[in-house]
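Trainee: Input: one structure, supplied below.
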Amino acid sequence: MNEEDNAPKITPIQRIGAMGYRLMNAVLRLTDIRLVALFGRCLGYLVWMASKSRRRIVARNMRIVADPTLRQDKLSSMVRRNMVRTVMNLACSLKTGIMTDKEAARSILVVGRDEFEKAGIEGRTAICAVPHAGNWEILARTRPLFPKVEHYGCMYRRLTNPLLEKIVYNTRTMFGCEMFSKEDGLRAVFKLARSGGLLGVLSDQFTQEGLFMPYFGKVTGVTPLPALIYKRCKGKGELFSVFTRNIALGKWEAIMNRSIELPEDCTEVDEITMQVNLAIEKCQKENILDGFWMHHRWKCTGRFAPENVFSNELIKKYATLPFRMLVCMPEQFEEAALLLPMLRILKRSRVDAQLGIICPVEQKAYWQQFSELVSFVVTTDERQSTLAAQLNADEIYKDGPFDILFMFSESKKVLRELDSILPVHVAGFANNPLTRKIRFNSKYTVASTTPRSRTEDYLEGFRKAHGLKPIEQDFAPLPGSAETGTFIAPFSTLGTADSWPQQNWAELVSKLGNITLLALPSDKEKAEKMAGELKCDCCICKPEEIAAKLGANSTLYAVDGLLPTLAAQTGCKCTVLMASRHAERYPLNIGEGHRYLSNHTPCHPCHSTSCDQQTPCTAGVTVDDMLG
């Protein structure tokens, strides 16, 4: 069986595409390059007007490469100019390979030709790191300008249409340029590197399999190929940053004399790659608008923190814009508080991580206390300011565009307000009703059986979708009060279904002795009245104040709700009476020594705020049960 038998069958669509490309080439051969450039500019304006999604991508990239604080008119102007120029360059690249020698001589100006050629003769190799800027197809046309160089090649990515691939390949190689496909492996590339010549690598393409390090001050996946080729040359190679730029209608410069000087101690692949990045940045900053910024160069995928590829020291040294993660909290405070271990996992997932919290106003002060984890907190129901306005405030806006959103809220209103700043990647539960409104790039499945802890749903999603695994420190208690104390929390934030008869509380207090009734400000009036009747102290605490009152030396007897969750985070040992929820589904996920009580009646767990039975299930739990 020969290779033709193994070749994939060519589809009718692919044949039509190849025929259309040949027809277009026939027209382009008869058209002056300046007219093609003019047509490309007109087409660029149409693309700019019609493609809102591309405008957003370019705007995001412009904030990274130019200035993260760019806004409104100035940013919109740069987006328009870049898109027009990019479409023009792409249109002209189709004409570049079929230009006559006379047209090429008029349209292409090479800068640094002699210096570049010298680096690729007598067994030496010039490795060219080429960014996607200007009309990079003109580099293949420059092959005849280097007659002393035996090998002149470039890496490229094959087209999926084999007929189209053959046409484009022949066009690129007709002037002597050797093309090496990444799909064929690197053996031929390394052979050229050892024998000597000139080799180009498009080095600014995002790659999830490469190294993650700063590019324009923001970490992204970059190819280590130039560094690998350089090391294979064993002292006979020289690195160059080669780029093209548009200088007039239908005219381009190819800048080929920018040698990349490596420091003496720069010997590792990641260090060399960092120097390549810095050199390409310098070239592109000379004319930002010539760059191809219409794709997600700083892409975020599910595996946003791949293992064993981070060069943390290089990131700390060179990165200036953080990897920005937004966590949109559930509206239910009781569940939102369970996410503390997950925030710790995200924060340590990468050294440039920045966490921002989106939550209702009642949660704001609680999350603000975690300053070592959370950089900012914005609210979904602020009266004075919308969510979008808060996120666009100067103090938050200055750190650049957002990278990933963890959408644990189910509010359509919140999603609408986030529309203008939605990050590249959105993650959340597959059963979130918002998935009908927006595409979730990473979906977490919910346990089909109830006994699995709700926290496990989050952890499973983080593990499967993002490759993030918890460690023991993620579930460590907060530094709490050192004082010894016994507390009761008779009021639940889940509703009256989670309650216990007052006479039971009175009996419990009589057996415990000196206790303090703990309640939230929303229950202040009821708490003070009950404390007076039980003849015990009363402590009204905001959620963010719990750690100042409770700690590892404290004990809490409570009904299910927010208070025991917050108390457990301080290391306080909690005994929790659970009525509306299942103890195995919603256990306290921080601290040890907790106990859960419930009376498993046919209606338990009911997930109701009020009990509709004549005898509530909690009535079957005695004081002795509570005391254990």
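Chain identifiers are assigned as A, B, and so on, following the order in which chains appear in the structure tokens; residues are numbered from 1 within each chain, and ligands are numbered from 1 in order of appearance.
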With 12 Å as the cut-off and only C-alpha atoms counted, what is the closest atom pair between each nearby residue of range 248-289 of chain A and range 37-52 of chain A? Distances in Å to one decimal, ordered by chain and number, as JSON lines.

Mentor:
{"residue": "A:Ala248", "atom": "CA", "partner": "A:Ala37", "partner_atom": "CA", "distance": 9.6}
{"residue": "A:Leu249", "atom": "CA", "partner": "A:Ala37", "partner_atom": "CA", "distance": 6.2}
{"residue": "A:Gly250", "atom": "CA", "partner": "A:Ala37", "partner_atom": "CA", "distance": 5.6}
{"residue": "A:Lys251", "atom": "CA", "partner": "A:Ala37", "partner_atom": "CA", "distance": 9.1}
{"residue": "A:Trp252", "atom": "CA", "partner": "A:Ala37", "partner_atom": "CA", "distance": 11.4}

Trainee: Would you mind exporting the chosen residues as an mmCIF file, in the first residue's frame, restricted to N, CA, C and O atoms?

Mentor:
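Okay, this is what ended up in part24.cif:
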data_model
loop_
_atom_site.group_PDB
_atom_site.id
_atom_site.type_symbol
_atom_site.label_atom_id
_atom_site.label_comp_id
_atom_site.auth_asym_id
_atom_site.auth_seq_id
_atom_site.Cartn_x
_atom_site.Cartn_y
_atom_site.Cartn_z
ATOM 1 N N ALA A 248 4.522 51.844 2.632
ATOM 2 C CA ALA A 248 3.717 52.621 1.682
ATOM 3 C C ALA A 248 2.708 51.665 1.065
ATOM 4 O O ALA A 248 2.723 50.458 1.330
ATOM 5 N N LEU A 249 1.833 52.204 0.248
ATOM 6 C CA LEU A 249 0.821 51.363 -0.382
ATOM 7 C C LEU A 249 1.495 50.357 -1.308
ATOM 8 O O LEU A 249 2.105 50.721 -2.314
ATOM 9 N N GLY A 250 1.432 49.070 -0.940
ATOM 10 C CA GLY A 250 2.049 48.029 -1.763
ATOM 11 C C GLY A 250 3.540 47.920 -1.613
ATOM 12 O O GLY A 250 4.198 47.313 -2.457
ATOM 13 N N LYS A 251 4.133 48.474 -0.514
ATOM 14 C CA LYS A 251 5.579 48.395 -0.303
ATOM 15 C C LYS A 251 5.866 47.982 1.145
ATOM 16 O O LYS A 251 5.186 48.414 2.068
ATOM 17 N N TRP A 252 6.918 47.136 1.288
ATOM 18 C CA TRP A 252 7.279 46.644 2.610
ATOM 19 C C TRP A 252 8.798 46.622 2.777
ATOM 20 O O TRP A 252 9.545 46.495 1.806
#

Trainee: Give me, as an MDAnalysis selection string, all polymer residues having an atom no more than 7 Å from Gly428 in chain A, counting only C-alpha atoms and skipping those fewer than 6 positions away in the same chain.

Mentor: chainID A and resid 406:408 440 442:444

Trainee: Give me the range 405-460 of chain A side of the contact with range 568-592 of chain A, cut-off 8 Å, one line per residue showing its nearest atom pair and distance in Å at one decimal, counting only C-alpha atoms, sorted by chain and residue number, as JSON lines.

Mentor:
{"residue": "A:Thr450", "atom": "CA", "partner": "A:Arg585", "partner_atom": "CA", "distance": 6.1}
{"residue": "A:Pro451", "atom": "CA", "partner": "A:Glu584", "partner_atom": "CA", "distance": 5.2}
{"residue": "A:Arg452", "atom": "CA", "partner": "A:Arg585", "partner_atom": "CA", "distance": 5.6}
{"residue": "A:Ser453", "atom": "CA", "partner": "A:Arg585", "partner_atom": "CA", "distance": 4.1}
{"residue": "A:Arg454", "atom": "CA", "partner": "A:Arg585", "partner_atom": "CA", "distance": 5.4}
{"residue": "A:Thr455", "atom": "CA", "partner": "A:Asn589", "partner_atom": "CA", "distance": 7.2}

Trainee: Near Tyr458 in chain A, counting only C-alpha atoms, which residues have an atom at most 12 Å away, once you skip same-chain residues fewer than 2 positions from it, shown as a PyMOL selection string?

Mentor: chain A and resi 335-336+338-343+345-346+406-408+427-430+443-447+452-456+460-466+468-470+589

Trainee: Those selected residues, please, written with N, CA, C and O atoms and delivered as a short mmCIF file (atom, residue, chain, number, x, y, z; two decimals), in the first residue's frame.

Mentor:
data_model
loop_
_atom_site.label_atom_id
_atom_site.label_comp_id
_atom_site.auth_asym_id
_atom_site.auth_seq_id
_atom_site.Cartn_x
_atom_site.Cartn_y
_atom_site.Cartn_z
N GLU A 335 -23.08 28.91 50.33
CA GLU A 335 -22.27 28.16 49.36
C GLU A 335 -21.03 28.94 48.95
O GLU A 335 -19.97 28.35 48.75
N ALA A 336 -21.15 30.24 48.83
CA ALA A 336 -19.99 31.05 48.45
C ALA A 336 -18.85 30.86 49.43
O ALA A 336 -17.67 30.79 49.04
N LEU A 338 -18.00 28.29 50.94
CA LEU A 338 -17.33 27.01 50.71
C LEU A 338 -16.19 27.14 49.70
O LEU A 338 -15.37 26.23 49.57
N LEU A 339 -16.14 28.25 48.95
CA LEU A 339 -15.15 28.39 47.88
C LEU A 339 -13.78 28.86 48.36
O LEU A 339 -12.87 29.02 47.54
N LEU A 340 -13.61 29.08 49.66
CA LEU A 340 -12.32 29.54 50.15
C LEU A 340 -11.17 28.62 49.75
O LEU A 340 -10.14 29.10 49.26
N PRO A 341 -11.28 27.29 49.92
CA PRO A 341 -10.18 26.42 49.45
C PRO A 341 -9.93 26.53 47.96
O PRO A 341 -8.77 26.47 47.50
N MET A 342 -10.99 26.71 47.18
CA MET A 342 -10.82 26.84 45.73
C MET A 342 -10.06 28.12 45.36
O MET A 342 -9.27 28.13 44.43
N LEU A 343 -10.33 29.19 46.10
CA LEU A 343 -9.58 30.43 45.85
C LEU A 343 -8.09 30.22 46.14
O LEU A 343 -7.23 30.74 45.42
N ILE A 345 -6.49 27.42 45.84
CA ILE A 345 -5.96 26.62 44.73
C ILE A 345 -5.64 27.52 43.53
O ILE A 345 -4.58 27.41 42.91
N LEU A 346 -6.57 28.41 43.19
CA LEU A 346 -6.36 29.31 42.05
C LEU A 346 -5.19 30.25 42.28
O LEU A 346 -4.40 30.51 41.36
N PHE A 406 -14.72 32.45 36.28
CA PHE A 406 -15.36 31.30 36.89
C PHE A 406 -16.77 31.74 37.28
O PHE A 406 -16.96 32.50 38.23
N MET A 407 -17.76 31.29 36.50
CA MET A 407 -19.13 31.77 36.63
C MET A 407 -19.93 30.83 37.51
O MET A 407 -20.53 29.86 37.04
N PHE A 408 -19.96 31.11 38.81
CA PHE A 408 -20.73 30.29 39.75
C PHE A 408 -22.05 30.95 40.12
O PHE A 408 -22.86 30.38 40.83
N ALA A 427 -15.64 29.45 32.67
CA ALA A 427 -15.75 28.12 33.26
C ALA A 427 -16.88 28.11 34.28
O ALA A 427 -17.16 29.13 34.91
N GLY A 428 -17.52 26.96 34.44
CA GLY A 428 -18.59 26.85 35.41
C GLY A 428 -19.28 25.50 35.31
O GLY A 428 -18.88 24.63 34.52
N PHE A 429 -20.34 25.32 36.09
CA PHE A 429 -21.05 24.05 36.11
C PHE A 429 -21.91 23.87 34.86
O PHE A 429 -22.53 24.83 34.37
N ALA A 430 -21.96 22.63 34.39
CA ALA A 430 -22.71 22.34 33.17
C ALA A 430 -24.21 22.57 33.35
O ALA A 430 -24.91 22.84 32.38
N LYS A 443 -16.62 23.10 31.40
CA LYS A 443 -17.83 22.78 32.14
C LYS A 443 -17.52 21.74 33.21
O LYS A 443 -16.83 20.75 32.96
N TYR A 444 -18.04 21.98 34.41
CA TYR A 444 -17.89 21.05 35.51
C TYR A 444 -19.19 20.26 35.66
O TYR A 444 -20.26 20.84 35.68
N THR A 445 -19.06 18.96 35.78
CA THR A 445 -20.24 18.13 35.98
C THR A 445 -20.59 18.05 37.46
O THR A 445 -19.72 18.12 38.32
N VAL A 446 -21.88 17.90 37.74
CA VAL A 446 -22.36 17.79 39.12
C VAL A 446 -22.58 16.32 39.44
O VAL A 446 -23.01 15.54 38.58
N ALA A 447 -22.28 15.94 40.67
CA ALA A 447 -22.44 14.54 41.08
C ALA A 447 -23.88 14.08 40.86
O ALA A 447 -24.82 14.77 41.21
N ARG A 452 -22.00 12.72 47.64
CA ARG A 452 -20.73 13.41 47.42
C ARG A 452 -20.84 14.86 47.82
O ARG A 452 -21.79 15.54 47.47
N SER A 453 -19.83 15.34 48.55
CA SER A 453 -19.83 16.71 49.04
C SER A 453 -19.92 17.72 47.90
O SER A 453 -19.38 17.51 46.82
N ARG A 454 -20.63 18.82 48.16
CA ARG A 454 -20.72 19.89 47.16
C ARG A 454 -19.34 20.44 46.85
O ARG A 454 -19.05 20.79 45.70
N THR A 455 -18.47 20.49 47.85
CA THR A 455 -17.11 20.95 47.62
C THR A 455 -16.40 20.05 46.62
O THR A 455 -15.59 20.52 45.81
N GLU A 456 -16.71 18.76 46.64
CA GLU A 456 -16.09 17.83 45.70
C GLU A 456 -16.47 18.15 44.26
O GLU A 456 -15.71 17.88 43.34
N GLU A 460 -13.55 18.52 41.69
CA GLU A 460 -13.52 17.65 40.52
C GLU A 460 -13.44 18.46 39.24
O GLU A 460 -12.71 18.12 38.30
N GLY A 461 -14.18 19.57 39.20
CA GLY A 461 -14.10 20.45 38.04
C GLY A 461 -12.73 21.05 37.87
O GLY A 461 -12.19 21.10 36.76
N PHE A 462 -12.14 21.50 38.97
CA PHE A 462 -10.80 22.09 38.91
C PHE A 462 -9.77 21.05 38.45
O PHE A 462 -8.86 21.36 37.69
N ARG A 463 -9.95 19.82 38.91
CA ARG A 463 -8.98 18.78 38.57
C ARG A 463 -9.12 18.36 37.11
O ARG A 463 -8.12 18.30 36.38
N LYS A 464 -10.34 18.08 36.67
CA LYS A 464 -10.54 17.58 35.30
C LYS A 464 -10.38 18.67 34.25
O LYS A 464 -9.77 18.44 33.20
N ALA A 465 -10.95 19.83 34.50
CA ALA A 465 -10.94 20.88 33.48
C ALA A 465 -9.64 21.67 33.45
O ALA A 465 -9.24 22.15 32.39
N HIS A 466 -8.99 21.82 34.61
CA HIS A 466 -7.82 22.70 34.68
C HIS A 466 -6.55 22.03 35.18
O HIS A 466 -5.50 22.66 35.22
N LEU A 468 -5.83 21.19 38.19
CA LEU A 468 -5.45 21.75 39.49
C LEU A 468 -5.87 20.81 40.60
O LEU A 468 -7.03 20.40 40.68
N LYS A 469 -4.94 20.49 41.47
CA LYS A 469 -5.21 19.56 42.56
C LYS A 469 -5.01 20.25 43.91
O LYS A 469 -4.08 21.05 44.05
N PRO A 470 -5.86 19.94 44.88
CA PRO A 470 -5.72 20.57 46.19
C PRO A 470 -4.57 19.97 47.00
O PRO A 470 -4.15 18.83 46.76
N ASN A 589 -16.02 22.31 55.16
CA ASN A 589 -14.85 21.81 54.44
C ASN A 589 -13.52 22.31 55.00
O ASN A 589 -12.48 22.07 54.41
#

Trainee: Please provide the set of residues having any atom within 12 Å of Val219 in chain A, restricted to only C-alpha atoms, with same-chain residues fewer than 5 positions apart removed, written as a PyMOL selection string.

Mentor: chain A and resi 64+206-208+210-214+274+277+297-300+304-305+309-312+314-324+350-353+403

Trainee: Which neighbours of Thr609 in chain A fall inside 6 Å, counting only C-alpha atoms, when residues of the same chain fewer than 6 positions from it are skipped, and could you give them as number ranges by chain?

Mentor: A: 494-497

Trainee: Quick one: everything within 8 Å of range 129-135 of chain A, counting only C-alpha atoms, minus sequence neighbours fewer than 6 positions away in the same chain. Send it as a VMD selection string.

Mentor: chain A and resid 86 89 to 90 92 to 93 200 to 205 226 239 to 246 252 276 280 284 290 to 292
